[in-house]
Amino acid sequence: MSLEEIADVVNKLNLKRNVNFELCDTTRPEYLCEYSGLVVLATNENIYLRIAFSKYFPLSFPEIYVDDTSVFRAHVGSSGKLCLFDSSAILVKQNMGDQVLIDCFDQALTILNIVPSSKKYNDEVCREFDSYWLAVSTKRAYSCLNTGDIQFGEYPMVISKGVSVVANTKNEAEAILQNNFELTINQDTFERVCIVVRIRDSSSMIPLAKQFKWSTIRRYITENTSSSVKRQFRKFLNKQVKHFVRYLLLIYPAKDGEILFGFRLEFNNSRFSKIENSLTCKVENTFCERIDYNYLLSRGGAASSLKNKNVLLLGCGSVGGYIANNLCQVGITNLDILDEDIFQPENVHRHLLGFDSLKPNQYKYKSDLVKKELESKFLYADIDSMNFSDRSVQAFIQETHRLAHYDLIISALGEPTLNLEINKILASYNIDTPFLCCFNEPYGIGGHVIISNIDKHSCMQCLYTDPISSELVPFRGSLVAPDQIFKKNLSGCSSSFVPYSCLDSQQTAISASRKSIEILTGKLMNNQIITWFGNADEFLAKGFAVSEFYINNHQKQYFESVIHTSKDCPVCTKTLEG
Amino acid sequence: MVNLQKEFLDFHDKIKLSDENTILREKREILLNKLSDNICDEAVTYTTFNQGSYAMGTGIKPEDDDYDIDVGVKFDINKDNYSDPIKVKKWVRDALDGHTKSVEIRRSCVTVTYQKDDEPIYHVDFAIYAAANDDGKMYIAKGKEFSTEENRKWELSDPQGLITTIKDKYKDDDAKQFRRVIRYLKKWRTHNFSSDGNGTPTGISLTILAYNYFSVSKTYDWSKQKDVYDDFTALYNLARSIKNSFSYKWNETDSQWYHTISTDLPVEPYNNLFEKMTDKQLNSFYTKVDTLLTKLDEVKGKDKRSDACAVLIKIFGEDFPSTVDKSMVGTSESASL
Ligand SMILES: [Zn+2]
């Protein structure tokens, strides 16, 4: 919009709302023009507002600023900018520039008229507390404390090269600094103590200011904590100190979750005196960056019940690698990966790992590399890459009791003989661990996820058992017609190259991961087979034939069913009888 | 156990006497033409129909190449006007008499036998009926040419009702399995009983046992989205039910306990189909059913196809196929991992 057109829009606002906004002499560089005018709030307070238009108006909203930023107001940032609407949540009608301005202006007044000390005001303050606190903080600390369980406590904070981490233990803090922030722990690293205090429910938020006094903080805490917290805080206050540094972290229970904010307190008394009465205290607002599991994962939408689950992943090739990544990303922390393959250049475009995982002349095990990759990506991932001298599944399952240690066993081996052996072991040793197998079909025609050992009505072997006998047959959900041979081998044989197979693997991995979460959170009640169907043009063009199952179902693109019992299944029907 | 359905179907293809058997049809047509050409002027109008196992779709090829064709001839007569049924039988006998064959009046039919050098033997049995009776029912002419008066009679009979009863019991693929299993039983009979004498249960008695005790054995295959038939289990279950329908009975004459069975024709004249067998013969029938079950149990216990087939060959003879085993089944699972 041109300057003239904007002037016209502002004029309409002046007329309709009986105000008098005038073009300012100076304009912030990010705007095209700014208008200034006086408004009267419901409290009869007069304040000056500035309306700033970008050159994209009305595609982007006008911004409204409060001139005087010395007073804290809800929805007003430290620069004075009002937070009007969440633009991702509304759809703006075009060619109504004048109405857009009026709506923004009305919203600005609504916000400014929220009565301080009202419940609504407090809620609004809480909603944007983090961005406010960030703006007024001079220090920053990472917290991996599970604050939900804390009333009052002292926790170690380790500081290296200006990065502070408060954790449950010194070891935990140091591990994060080293493993995730890639900082070395050396003689320059030092430790502080952080006092963590929970504010009582339905307390008001601390009155906002840019610079706090120790007395204000002390009073806020003593007036807004439970008696037991208060008692412990008193002990702290009674401490005799001279030169003394403490971090203080407050947990404020807001409507939509906990708010954490902190202070660095440096007492400098000329002689020993009680903390409570120390007058010379330097207070620095400290922004608390939460990196605790619950906070990080609730953002990702995961239930924290996944944290204590133990998952075994057999095979971290193409499909398995993506599954490992997905599981860690949704919050699985204890993952054991068994794989005996070496990561090589030809894997790069078919695998989670990239070229950066290759070191010339010293290729490494996939499981070790996936562990390294995921532990650096995800703070709480604790992966055992099971670096036994014999990393084969055959060797591992010799000690059958090991399978019972897991809450879920995932096989991305693509080796039905081994999968069926595991199925048999689980049945014959009465191991309750759910078992999920997944694999792709050739040439992108689809993939499967099979879940067994959830109920006892069927098992993995049922899918490989003839419907009217106990005979072993090829996978009954196979998408390829029987009696065709497919090669796994890629090298040297261009005809067996499967284009975009990494996408097939990811698709199968996503289904497998979703189902894994359902299993681990107790939402899956039956043994299931899930199949996704891809396009078969290329497969057919190679002269191969699809199965009846493919023909009957591929139009739906997705098939999900309980596993039907094969009445003569040699594994589960025997178990039932016995 | 192994899946023997393919073997059973191959076996069935080998033993079934199909409706498409052209030689049989030709023989029948020749005789029917001859009948209409040569029948005496005294004879009244008639219609013909196919009857017997051939018409019910339960016929099997005879092992000794002795083919049987059953034809019904319905005369538009009232039995009360023909006190001697042999008179009516003679109309047919005389019309069919010729050089290449022998024609003979038997108790229940007029039989034409073809026999030429080493070609197969064909029997065509003409059953003669009076179809225009006061009670609206059909009567079959019974008695040989020189039978005594009391052996010459018109007996209530409903051959077409029997055919419909059997044919309508099951539909479509279920009916196919029903007929296959009847054929397996008949093949078992040919292979396990002597071909002459009353010690052998008749084809119709086995058919009616199946009618009473057979149940369809099939499983829904979720991946193929259709039913998969299991003839072995159907046969096994039928054999077990037949065995269980025997009762243990004291025979005064022989001073012995026998397993005996009775089953009635489901249509007129509702007679017991085992009435002609002695208790001792029925007991031997029982023993054979019991042996059949034992052998089928043995089949169930086999994990190798070839072993299972070997037992079935003992039951049914060499028409049952033998097979070889494989140690692996194909897979596409690892193809693109
Ligand atoms: Zn099973």
# chains A, B, ... in the order shown; residues from 1 in each chain; ligands from 1
call {"tool": "residues_around", "arguments": {"residues": "Thr111 of chain B", "least_positions_apart": "2", "cutoff": "8 Å", "atoms": "only C-alpha atoms", "output": "list in words"}}
result
Val103, Glu104, Ile105, Arg106, Cys109, Thr113, His123, Val124, Asp125 and Phe126 of chain B
call {"tool": "interface_residues", "arguments": {"of": "chain A", "to": "chain B", "cutoff": "7 Å", "atoms": "only C-alpha atoms", "output": "PDB file with all heavy atoms, in the first residue's frame"}}
result
ATOM      1  N   SER A 318      18.253 -49.912   6.759  1.00  0.00           N
ATOM      2  CA  SER A 318      17.452 -48.849   6.196  1.00  0.00           C
ATOM      3  C   SER A 318      16.206 -48.560   7.040  1.00  0.00           C
ATOM      4  O   SER A 318      16.002 -47.434   7.493  1.00  0.00           O
ATOM      5  CB  SER A 318      17.069 -49.256   4.781  1.00  0.00           C
ATOM      6  OG  SER A 318      16.482 -48.185   4.132  1.00  0.00           O
ATOM      7  N   GLY A 414      14.306 -58.084   8.355  1.00  0.00           N
ATOM      8  CA  GLY A 414      13.927 -58.585   7.039  1.00  0.00           C
ATOM      9  C   GLY A 414      14.328 -60.026   6.847  1.00  0.00           C
ATOM     10  O   GLY A 414      14.531 -60.488   5.744  1.00  0.00           O
ATOM     11  N   GLU A 415      14.458 -60.745   7.952  1.00  0.00           N
ATOM     12  CA  GLU A 415      14.806 -62.158   7.854  1.00  0.00           C
ATOM     13  C   GLU A 415      13.746 -62.992   8.553  1.00  0.00           C
ATOM     14  O   GLU A 415      13.779 -63.177   9.770  1.00  0.00           O
ATOM     15  CB  GLU A 415      16.181 -62.406   8.494  1.00  0.00           C
ATOM     16  CG  GLU A 415      17.279 -61.709   7.716  1.00  0.00           C
ATOM     17  CD  GLU A 415      18.639 -62.282   8.038  1.00  0.00           C
ATOM     18  OE1 GLU A 415      18.765 -63.520   8.095  1.00  0.00           O
ATOM     19  OE2 GLU A 415      19.551 -61.481   8.243  1.00  0.00           O
ATOM     20  N   PHE A 439       9.060 -54.788   7.485  1.00  0.00           N
ATOM     21  CA  PHE A 439       9.917 -54.954   6.313  1.00  0.00           C
ATOM     22  C   PHE A 439       9.231 -54.371   5.080  1.00  0.00           C
ATOM     23  O   PHE A 439       8.030 -54.147   5.068  1.00  0.00           O
ATOM     24  CB  PHE A 439      10.254 -56.438   6.084  1.00  0.00           C
ATOM     25  CG  PHE A 439       9.073 -57.357   6.127  1.00  0.00           C
ATOM     26  CD1 PHE A 439       8.349 -57.641   4.990  1.00  0.00           C
ATOM     27  CD2 PHE A 439       8.682 -57.938   7.328  1.00  0.00           C
ATOM     28  CE1 PHE A 439       7.257 -58.490   5.036  1.00  0.00           C
ATOM     29  CE2 PHE A 439       7.582 -58.788   7.381  1.00  0.00           C
ATOM     30  CZ  PHE A 439       6.868 -59.070   6.233  1.00  0.00           C
ATOM     31  N   ASN A 440      10.049 -54.122   4.076  1.00  0.00           N
ATOM     32  CA  ASN A 440       9.547 -53.585   2.811  1.00  0.00           C
ATOM     33  C   ASN A 440       9.316 -54.708   1.821  1.00  0.00           C
ATOM     34  O   ASN A 440       9.919 -55.769   1.923  1.00  0.00           O
ATOM     35  CB  ASN A 440      10.594 -52.661   2.173  1.00  0.00           C
ATOM     36  CG  ASN A 440      10.774 -51.387   2.946  1.00  0.00           C
ATOM     37  OD1 ASN A 440       9.914 -50.990   3.722  1.00  0.00           O
ATOM     38  ND2 ASN A 440      11.910 -50.736   2.732  1.00  0.00           N
ATOM     39  N   GLU A 441       8.505 -54.415   0.850  1.00  0.00           N
ATOM     40  CA  GLU A 441       8.378 -55.295  -0.302  1.00  0.00           C
ATOM     41  C   GLU A 441       9.245 -54.695  -1.411  1.00  0.00           C
ATOM     42  O   GLU A 441       9.586 -53.517  -1.378  1.00  0.00           O
ATOM     43  CB  GLU A 441       6.920 -55.352  -0.753  1.00  0.00           C
ATOM     44  CG  GLU A 441       5.995 -56.032   0.246  1.00  0.00           C
ATOM     45  CD  GLU A 441       5.880 -57.543   0.034  1.00  0.00           C
ATOM     46  OE1 GLU A 441       6.571 -58.084  -0.865  1.00  0.00           O
ATOM     47  OE2 GLU A 441       5.102 -58.170   0.764  1.00  0.00           O
ATOM     48  N   PRO A 442       9.623 -55.489  -2.420  1.00  0.00           N
ATOM     49  CA  PRO A 442      10.524 -54.961  -3.450  1.00  0.00           C
ATOM     50  C   PRO A 442       9.872 -53.896  -4.339  1.00  0.00           C
ATOM     51  O   PRO A 442       8.658 -53.843  -4.457  1.00  0.00           O
ATOM     52  CB  PRO A 442      10.887 -56.205  -4.268  1.00  0.00           C
ATOM     53  CG  PRO A 442       9.851 -57.207  -3.959  1.00  0.00           C
ATOM     54  CD  PRO A 442       9.348 -56.918  -2.587  1.00  0.00           C
ATOM     55  N   PRO A 467      -3.522 -71.993   5.614  1.00  0.00           N
ATOM     56  CA  PRO A 467      -4.801 -71.856   6.309  1.00  0.00           C
ATOM     57  C   PRO A 467      -5.432 -73.185   6.740  1.00  0.00           C
ATOM     58  O   PRO A 467      -6.206 -73.212   7.686  1.00  0.00           O
ATOM     59  CB  PRO A 467      -5.690 -71.123   5.305  1.00  0.00           C
ATOM     60  CG  PRO A 467      -4.952 -71.100   4.023  1.00  0.00           C
ATOM     61  CD  PRO A 467      -3.515 -71.332   4.317  1.00  0.00           C
ATOM     62  N   ILE A 468      -5.121 -74.276   6.047  1.00  0.00           N
ATOM     63  CA  ILE A 468      -5.791 -75.524   6.422  1.00  0.00           C
ATOM     64  C   ILE A 468      -4.822 -76.606   6.891  1.00  0.00           C
ATOM     65  O   ILE A 468      -5.204 -77.759   7.042  1.00  0.00           O
ATOM     66  CB  ILE A 468      -6.652 -76.067   5.264  1.00  0.00           C
ATOM     67  CG1 ILE A 468      -5.800 -76.383   4.039  1.00  0.00           C
ATOM     68  CG2 ILE A 468      -7.757 -75.093   4.909  1.00  0.00           C
ATOM     69  CD1 ILE A 468      -6.536 -77.199   3.002  1.00  0.00           C
ATOM     70  N   SER A 469      -3.567 -76.244   7.104  1.00  0.00           N
ATOM     71  CA  SER A 469      -2.644 -77.244   7.636  1.00  0.00           C
ATOM     72  C   SER A 469      -1.620 -76.529   8.497  1.00  0.00           C
ATOM     73  O   SER A 469      -1.700 -75.329   8.697  1.00  0.00           O
ATOM     74  CB  SER A 469      -1.946 -77.994   6.499  1.00  0.00           C
ATOM     75  OG  SER A 469      -0.988 -77.156   5.877  1.00  0.00           O
ATOM     76  N   SER A 470      -0.657 -77.282   8.992  1.00  0.00           N
ATOM     77  CA  SER A 470       0.368 -76.630   9.814  1.00  0.00           C
ATOM     78  C   SER A 470       1.611 -76.308   8.991  1.00  0.00           C
ATOM     79  O   SER A 470       2.648 -75.970   9.538  1.00  0.00           O
ATOM     80  CB  SER A 470       0.728 -77.551  10.982  1.00  0.00           C
ATOM     81  OG  SER A 470       1.143 -78.804  10.476  1.00  0.00           O
ATOM     82  N   GLU A 471       1.487 -76.401   7.680  1.00  0.00           N
ATOM     83  CA  GLU A 471       2.663 -76.211   6.831  1.00  0.00           C
ATOM     84  C   GLU A 471       3.149 -74.770   6.803  1.00  0.00           C
ATOM     85  O   GLU A 471       2.350 -73.821   6.810  1.00  0.00           O
ATOM     86  CB  GLU A 471       2.322 -76.614   5.392  1.00  0.00           C
ATOM     87  CG  GLU A 471       2.623 -78.046   5.096  1.00  0.00           C
ATOM     88  CD  GLU A 471       2.397 -78.328   3.624  1.00  0.00           C
ATOM     89  OE1 GLU A 471       1.232 -78.369   3.208  1.00  0.00           O
ATOM     90  OE2 GLU A 471       3.388 -78.488   2.916  1.00  0.00           O
ATOM     91  N   VAL A 473       4.350 -71.644   4.983  1.00  0.00           N
ATOM     92  CA  VAL A 473       4.143 -71.083   3.637  1.00  0.00           C
ATOM     93  C   VAL A 473       4.787 -69.699   3.611  1.00  0.00           C
ATOM     94  O   VAL A 473       5.081 -69.137   4.660  1.00  0.00           O
ATOM     95  CB  VAL A 473       2.638 -70.967   3.303  1.00  0.00           C
ATOM     96  CG1 VAL A 473       1.990 -72.337   3.219  1.00  0.00           C
ATOM     97  CG2 VAL A 473       1.903 -70.099   4.316  1.00  0.00           C
ATOM     98  N   PRO A 474       5.027 -69.137   2.420  1.00  0.00           N
ATOM     99  CA  PRO A 474       5.559 -67.773   2.380  1.00  0.00           C
ATOM    100  C   PRO A 474       4.588 -66.825   3.076  1.00  0.00           C
ATOM    101  O   PRO A 474       3.405 -67.123   3.194  1.00  0.00           O
ATOM    102  CB  PRO A 474       5.633 -67.461   0.885  1.00  0.00           C
ATOM    103  CG  PRO A 474       5.638 -68.776   0.209  1.00  0.00           C
ATOM    104  CD  PRO A 474       4.855 -69.703   1.077  1.00  0.00           C
ATOM    105  N   ARG A 476       1.862 -64.705   4.228  1.00  0.00           N
ATOM    106  CA  ARG A 476       0.562 -64.709   3.560  1.00  0.00           C
ATOM    107  C   ARG A 476       0.087 -63.321   3.181  1.00  0.00           C
ATOM    108  O   ARG A 476      -0.809 -63.172   2.355  1.00  0.00           O
ATOM    109  CB  ARG A 476      -0.458 -65.443   4.431  1.00  0.00           C
ATOM    110  CG  ARG A 476      -0.243 -66.948   4.351  1.00  0.00           C
ATOM    111  CD  ARG A 476      -1.091 -67.702   5.341  1.00  0.00           C
ATOM    112  NE  ARG A 476      -2.504 -67.469   5.105  1.00  0.00           N
ATOM    113  CZ  ARG A 476      -3.457 -67.747   5.999  1.00  0.00           C
ATOM    114  NH1 ARG A 476      -3.123 -68.250   7.163  1.00  0.00           N
ATOM    115  NH2 ARG A 476      -4.708 -67.501   5.718  1.00  0.00           N
ATOM    116  N   GLY A 477       0.672 -62.300   3.780  1.00  0.00           N
ATOM    117  CA  GLY A 477       0.309 -60.943   3.387  1.00  0.00           C
ATOM    118  C   GLY A 477       1.227 -60.390   2.310  1.00  0.00           C
ATOM    119  O   GLY A 477       1.191 -59.201   2.001  1.00  0.00           O
ATOM    120  N   ASP A 483       6.475 -67.736  -5.776  1.00  0.00           N
ATOM    121  CA  ASP A 483       7.484 -68.360  -6.644  1.00  0.00           C
ATOM    122  C   ASP A 483       8.241 -67.379  -7.527  1.00  0.00           C
ATOM    123  O   ASP A 483       8.567 -67.682  -8.666  1.00  0.00           O
ATOM    124  CB  ASP A 483       6.850 -69.466  -7.507  1.00  0.00           C
ATOM    125  CG  ASP A 483       6.182 -70.526  -6.645  1.00  0.00           C
ATOM    126  OD1 ASP A 483       6.722 -70.819  -5.552  1.00  0.00           O
ATOM    127  OD2 ASP A 483       5.125 -71.028  -7.034  1.00  0.00           O
ATOM    128  N   PHE A 486      13.716 -62.552  -5.718  1.00  0.00           N
ATOM    129  CA  PHE A 486      14.193 -61.175  -5.674  1.00  0.00           C
ATOM    130  C   PHE A 486      15.556 -61.152  -5.009  1.00  0.00           C
ATOM    131  O   PHE A 486      15.796 -61.883  -4.057  1.00  0.00           O
ATOM    132  CB  PHE A 486      13.224 -60.302  -4.886  1.00  0.00           C
ATOM    133  CG  PHE A 486      11.856 -60.299  -5.474  1.00  0.00           C
ATOM    134  CD1 PHE A 486      10.919 -61.223  -5.052  1.00  0.00           C
ATOM    135  CD2 PHE A 486      11.520 -59.415  -6.477  1.00  0.00           C
ATOM    136  CE1 PHE A 486       9.656 -61.253  -5.605  1.00  0.00           C
ATOM    137  CE2 PHE A 486      10.265 -59.439  -7.036  1.00  0.00           C
ATOM    138  CZ  PHE A 486       9.329 -60.357  -6.608  1.00  0.00           C
ATOM    139  N   LYS A 487      16.427 -60.299  -5.528  1.00  0.00           N
ATOM    140  CA  LYS A 487      17.773 -60.257  -4.970  1.00  0.00           C
ATOM    141  C   LYS A 487      17.945 -59.076  -4.062  1.00  0.00           C
ATOM    142  O   LYS A 487      17.466 -57.988  -4.305  1.00  0.00           O
ATOM    143  CB  LYS A 487      18.798 -60.191  -6.103  1.00  0.00           C
ATOM    144  CG  LYS A 487      19.034 -61.553  -6.722  1.00  0.00           C
ATOM    145  CD  LYS A 487      20.233 -61.488  -7.650  1.00  0.00           C
ATOM    146  CE  LYS A 487      20.426 -62.812  -8.349  1.00  0.00           C
ATOM    147  NZ  LYS A 487      20.819 -62.651  -9.743  1.00  0.00           N
ATOM    148  N   LYS A 488      18.683 -59.318  -2.990  1.00  0.00           N
ATOM    149  CA  LYS A 488      19.001 -58.265  -2.056  1.00  0.00           C
ATOM    150  C   LYS A 488      20.184 -57.457  -2.575  1.00  0.00           C
ATOM    151  O   LYS A 488      20.340 -56.293  -2.283  1.00  0.00           O
ATOM    152  CB  LYS A 488      19.363 -58.919  -0.723  1.00  0.00           C
ATOM    153  CG  LYS A 488      19.387 -57.996   0.462  1.00  0.00           C
ATOM    154  CD  LYS A 488      19.670 -58.825   1.690  1.00  0.00           C
ATOM    155  CE  LYS A 488      19.500 -58.011   2.961  1.00  0.00           C
ATOM    156  NZ  LYS A 488      19.581 -58.846   4.154  1.00  0.00           N
ATOM    157  N   GLU A 548      -2.586 -61.769  -4.932  1.00  0.00           N
ATOM    158  CA  GLU A 548      -4.022 -61.498  -4.811  1.00  0.00           C
ATOM    159  C   GLU A 548      -4.278 -60.469  -3.729  1.00  0.00           C
ATOM    160  O   GLU A 548      -5.161 -59.622  -3.845  1.00  0.00           O
ATOM    161  CB  GLU A 548      -4.778 -62.788  -4.430  1.00  0.00           C
ATOM    162  CG  GLU A 548      -5.037 -63.721  -5.583  1.00  0.00           C
ATOM    163  CD  GLU A 548      -5.792 -64.961  -5.114  1.00  0.00           C
ATOM    164  OE1 GLU A 548      -6.950 -64.842  -4.701  1.00  0.00           O
ATOM    165  OE2 GLU A 548      -5.178 -66.057  -5.136  1.00  0.00           O
ATOM    166  N   PHE A 549      -3.494 -60.569  -2.663  1.00  0.00           N
ATOM    167  CA  PHE A 549      -3.658 -59.629  -1.548  1.00  0.00           C
ATOM    168  C   PHE A 549      -3.412 -58.194  -2.026  1.00  0.00           C
ATOM    169  O   PHE A 549      -4.154 -57.281  -1.669  1.00  0.00           O
ATOM    170  CB  PHE A 549      -2.681 -60.004  -0.429  1.00  0.00           C
ATOM    171  CG  PHE A 549      -2.779 -59.154   0.797  1.00  0.00           C
ATOM    172  CD1 PHE A 549      -3.972 -59.060   1.496  1.00  0.00           C
ATOM    173  CD2 PHE A 549      -1.679 -58.452   1.268  1.00  0.00           C
ATOM    174  CE1 PHE A 549      -4.077 -58.278   2.635  1.00  0.00           C
ATOM    175  CE2 PHE A 549      -1.771 -57.666   2.411  1.00  0.00           C
ATOM    176  CZ  PHE A 549      -2.973 -57.581   3.088  1.00  0.00           C
TER     177      PHE A 549
END
call {"tool": "select_by_dssp", "arguments": {"residues": "segment 263-450 of chain A", "states": "helix (DSSP H, G or I)", "output": "VMD selection string"}}
result
chain A and resid 275 to 277 293 to 300 304 to 306 318 to 330 345 to 350 355 to 357 366 to 377 393 to 396 400 to 405 416 to 428 442 to 444
call {"tool": "closest_atom_pairs", "arguments": {"of": "chain A", "to": "ligand 1", "cutoff": "9 Å", "atoms": "only C-alpha atoms and all ligand atoms", "output": "Markdown table"}}
result
| residue | atom | partner | partner_atom_place_in_ligand_line | distance |
| --- | --- | --- | --- | --- |
| A:Asn423 | CA | ligand 1 | 1 (Zn) | 8.9 |
| A:Lys456 | CA | ligand 1 | 1 (Zn) | 8.5 |
| A:His457 | CA | ligand 1 | 1 (Zn) | 7.5 |
| A:Ser458 | CA | ligand 1 | 1 (Zn) | 4.4 |
| A:Cys459 | CA | ligand 1 | 1 (Zn) | 3.8 |
| A:Met460 | CA | ligand 1 | 1 (Zn) | 5.8 |
| A:Gln461 | CA | ligand 1 | 1 (Zn) | 4.6 |
| A:Cys462 | CA | ligand 1 | 1 (Zn) | 3.7 |
| A:Leu463 | CA | ligand 1 | 1 (Zn) | 7.3 |
| A:Tyr464 | CA | ligand 1 | 1 (Zn) | 8.4 |
| A:Thr465 | CA | ligand 1 | 1 (Zn) | 7.7 |
| A:Ile563 | CA | ligand 1 | 1 (Zn) | 8.9 |
| A:His564 | CA | ligand 1 | 1 (Zn) | 8.6 |
| A:Thr565 | CA | ligand 1 | 1 (Zn) | 6.1 |
| A:Ser566 | CA | ligand 1 | 1 (Zn) | 6.1 |
| A:Lys567 | CA | ligand 1 | 1 (Zn) | 8.0 |
| A:Asp568 | CA | ligand 1 | 1 (Zn) | 8.0 |
| A:Cys569 | CA | ligand 1 | 1 (Zn) | 4.6 |
| A:Pro570 | CA | ligand 1 | 1 (Zn) | 6.7 |
| A:Val571 | CA | ligand 1 | 1 (Zn) | 5.2 |
| A:Cys572 | CA | ligand 1 | 1 (Zn) | 4.1 |
| A:Thr573 | CA | ligand 1 | 1 (Zn) | 6.2 |
| A:Lys574 | CA | ligand 1 | 1 (Zn) | 8.6 |
| A:Thr575 | CA | ligand 1 | 1 (Zn) | 9.0 |
call {"tool": "write_last_selection", "arguments": {"atoms": "N, CA and C atoms", "output": "short mmCIF file (atom, residue, chain, number, x, y, z; two decimals), in the first residue's frame"}}
result
data_model
loop_
_atom_site.label_atom_id
_atom_site.label_comp_id
_atom_site.auth_asym_id
_atom_site.auth_seq_id
_atom_site.Cartn_x
_atom_site.Cartn_y
_atom_site.Cartn_z
N ASN A 423 9.71 -65.48 17.54
CA ASN A 423 8.30 -65.71 17.85
C ASN A 423 8.13 -67.00 18.64
N LYS A 456 -2.98 -63.63 22.84
CA LYS A 456 -2.51 -65.01 22.66
C LYS A 456 -3.35 -65.76 21.61
N HIS A 457 -4.18 -65.02 20.88
CA HIS A 457 -5.05 -65.71 19.92
C HIS A 457 -4.34 -66.05 18.63
N SER A 458 -3.24 -65.40 18.38
CA SER A 458 -2.52 -65.65 17.13
C SER A 458 -1.07 -65.30 17.38
N CYS A 459 -0.26 -65.53 16.37
CA CYS A 459 1.15 -65.16 16.51
C CYS A 459 1.75 -64.89 15.13
N MET A 460 3.01 -64.52 15.14
CA MET A 460 3.72 -64.25 13.89
C MET A 460 3.65 -65.46 12.95
N GLN A 461 3.79 -66.65 13.54
CA GLN A 461 3.83 -67.87 12.72
C GLN A 461 2.51 -68.08 11.99
N CYS A 462 1.41 -67.60 12.57
CA CYS A 462 0.10 -67.75 11.91
C CYS A 462 0.14 -67.16 10.50
N LEU A 463 0.92 -66.11 10.33
CA LEU A 463 0.99 -65.44 9.02
C LEU A 463 1.86 -66.22 8.04
N TYR A 464 2.50 -67.23 8.54
CA TYR A 464 3.35 -68.06 7.70
C TYR A 464 2.87 -69.51 7.71
N THR A 465 1.61 -69.69 8.13
CA THR A 465 1.07 -71.03 8.22
C THR A 465 -0.09 -71.17 7.25
N ILE A 563 -4.45 -60.05 13.53
CA ILE A 563 -3.87 -61.25 12.91
C ILE A 563 -4.84 -62.40 13.15
N HIS A 564 -5.28 -62.98 12.05
CA HIS A 564 -6.20 -64.10 12.17
C HIS A 564 -5.43 -65.36 12.56
N THR A 565 -6.03 -66.12 13.43
CA THR A 565 -5.39 -67.35 13.86
C THR A 565 -5.39 -68.36 12.72
N SER A 566 -4.25 -68.97 12.49
CA SER A 566 -4.22 -70.11 11.60
C SER A 566 -4.48 -71.32 12.48
N LYS A 567 -5.55 -72.05 12.16
CA LYS A 567 -6.03 -73.03 13.14
C LYS A 567 -5.01 -74.11 13.46
N ASP A 568 -4.08 -74.35 12.55
CA ASP A 568 -3.09 -75.38 12.82
C ASP A 568 -1.70 -74.80 13.05
N CYS A 569 -1.64 -73.51 13.41
CA CYS A 569 -0.34 -72.88 13.64
C CYS A 569 0.47 -73.70 14.63
N PRO A 570 1.67 -74.12 14.23
CA PRO A 570 2.45 -74.99 15.11
C PRO A 570 2.95 -74.28 16.37
N VAL A 571 2.90 -72.95 16.40
CA VAL A 571 3.40 -72.25 17.58
C VAL A 571 2.27 -71.90 18.55
N CYS A 572 1.30 -71.10 18.10
CA CYS A 572 0.34 -70.59 19.10
C CYS A 572 -0.77 -71.57 19.40
N THR A 573 -1.18 -72.41 18.45
CA THR A 573 -2.25 -73.33 18.79
C THR A 573 -1.73 -74.38 19.76
N LYS A 574 -0.47 -74.73 19.64
CA LYS A 574 0.15 -75.67 20.57
C LYS A 574 0.21 -75.07 21.96
N THR A 575 0.61 -73.78 22.01
CA THR A 575 0.71 -73.12 23.30
C THR A 575 -0.65 -73.09 23.99
#
call {"tool": "residues_around", "arguments": {"residues": "Asp76 of chain B", "least_positions_apart": "2", "cutoff": "12 Å", "atoms": "only C-alpha atoms", "output": "list in words"}}
result
Ala43, Val44, Thr45, Tyr46, Thr47, Thr48, Val73, Lys74, Asn78, Lys79, Asn81, Tyr82, Val88, Ile128, Tyr129, Ala130, Ala131, Ala132, Asn133, Asp134, Gly136, Lys137, Met138 and Tyr139 of chain B
call {"tool": "write_last_selection", "arguments": {"atoms": "C-alpha atoms", "output": "CSV table (one decimal), in the first residue's frame"}}
result
chain,number,residue,atom,x,y,z
B,43,ALA,CA,-46.6,-99.2,-25.4
B,44,VAL,CA,-47.9,-95.9,-24.2
B,45,THR,CA,-46.0,-92.6,-24.3
B,46,TYR,CA,-43.0,-92.1,-22.0
B,47,THR,CA,-40.3,-89.7,-21.1
B,48,THR,CA,-36.8,-90.4,-20.0
B,73,VAL,CA,-38.1,-94.4,-18.3
B,74,LYS,CA,-41.4,-92.9,-17.1
B,78,ASN,CA,-51.5,-96.1,-14.1
B,79,LYS,CA,-50.0,-99.0,-12.3
B,81,ASN,CA,-54.0,-101.0,-15.1
B,82,TYR,CA,-50.8,-103.1,-15.4
B,88,VAL,CA,-44.0,-103.0,-19.2
B,128,ILE,CA,-39.0,-98.5,-15.6
B,129,TYR,CA,-41.7,-96.4,-13.9
B,130,ALA,CA,-45.4,-96.0,-13.9
B,131,ALA,CA,-46.0,-92.3,-13.7
B,132,ALA,CA,-49.7,-91.6,-14.1
B,133,ASN,CA,-51.1,-93.1,-10.9
B,134,ASP,CA,-54.1,-92.2,-8.8
B,136,GLY,CA,-49.8,-88.9,-8.1
B,137,LYS,CA,-46.7,-90.8,-7.0
B,138,MET,CA,-44.2,-92.8,-9.1
B,139,TYR,CA,-43.8,-96.6,-8.9
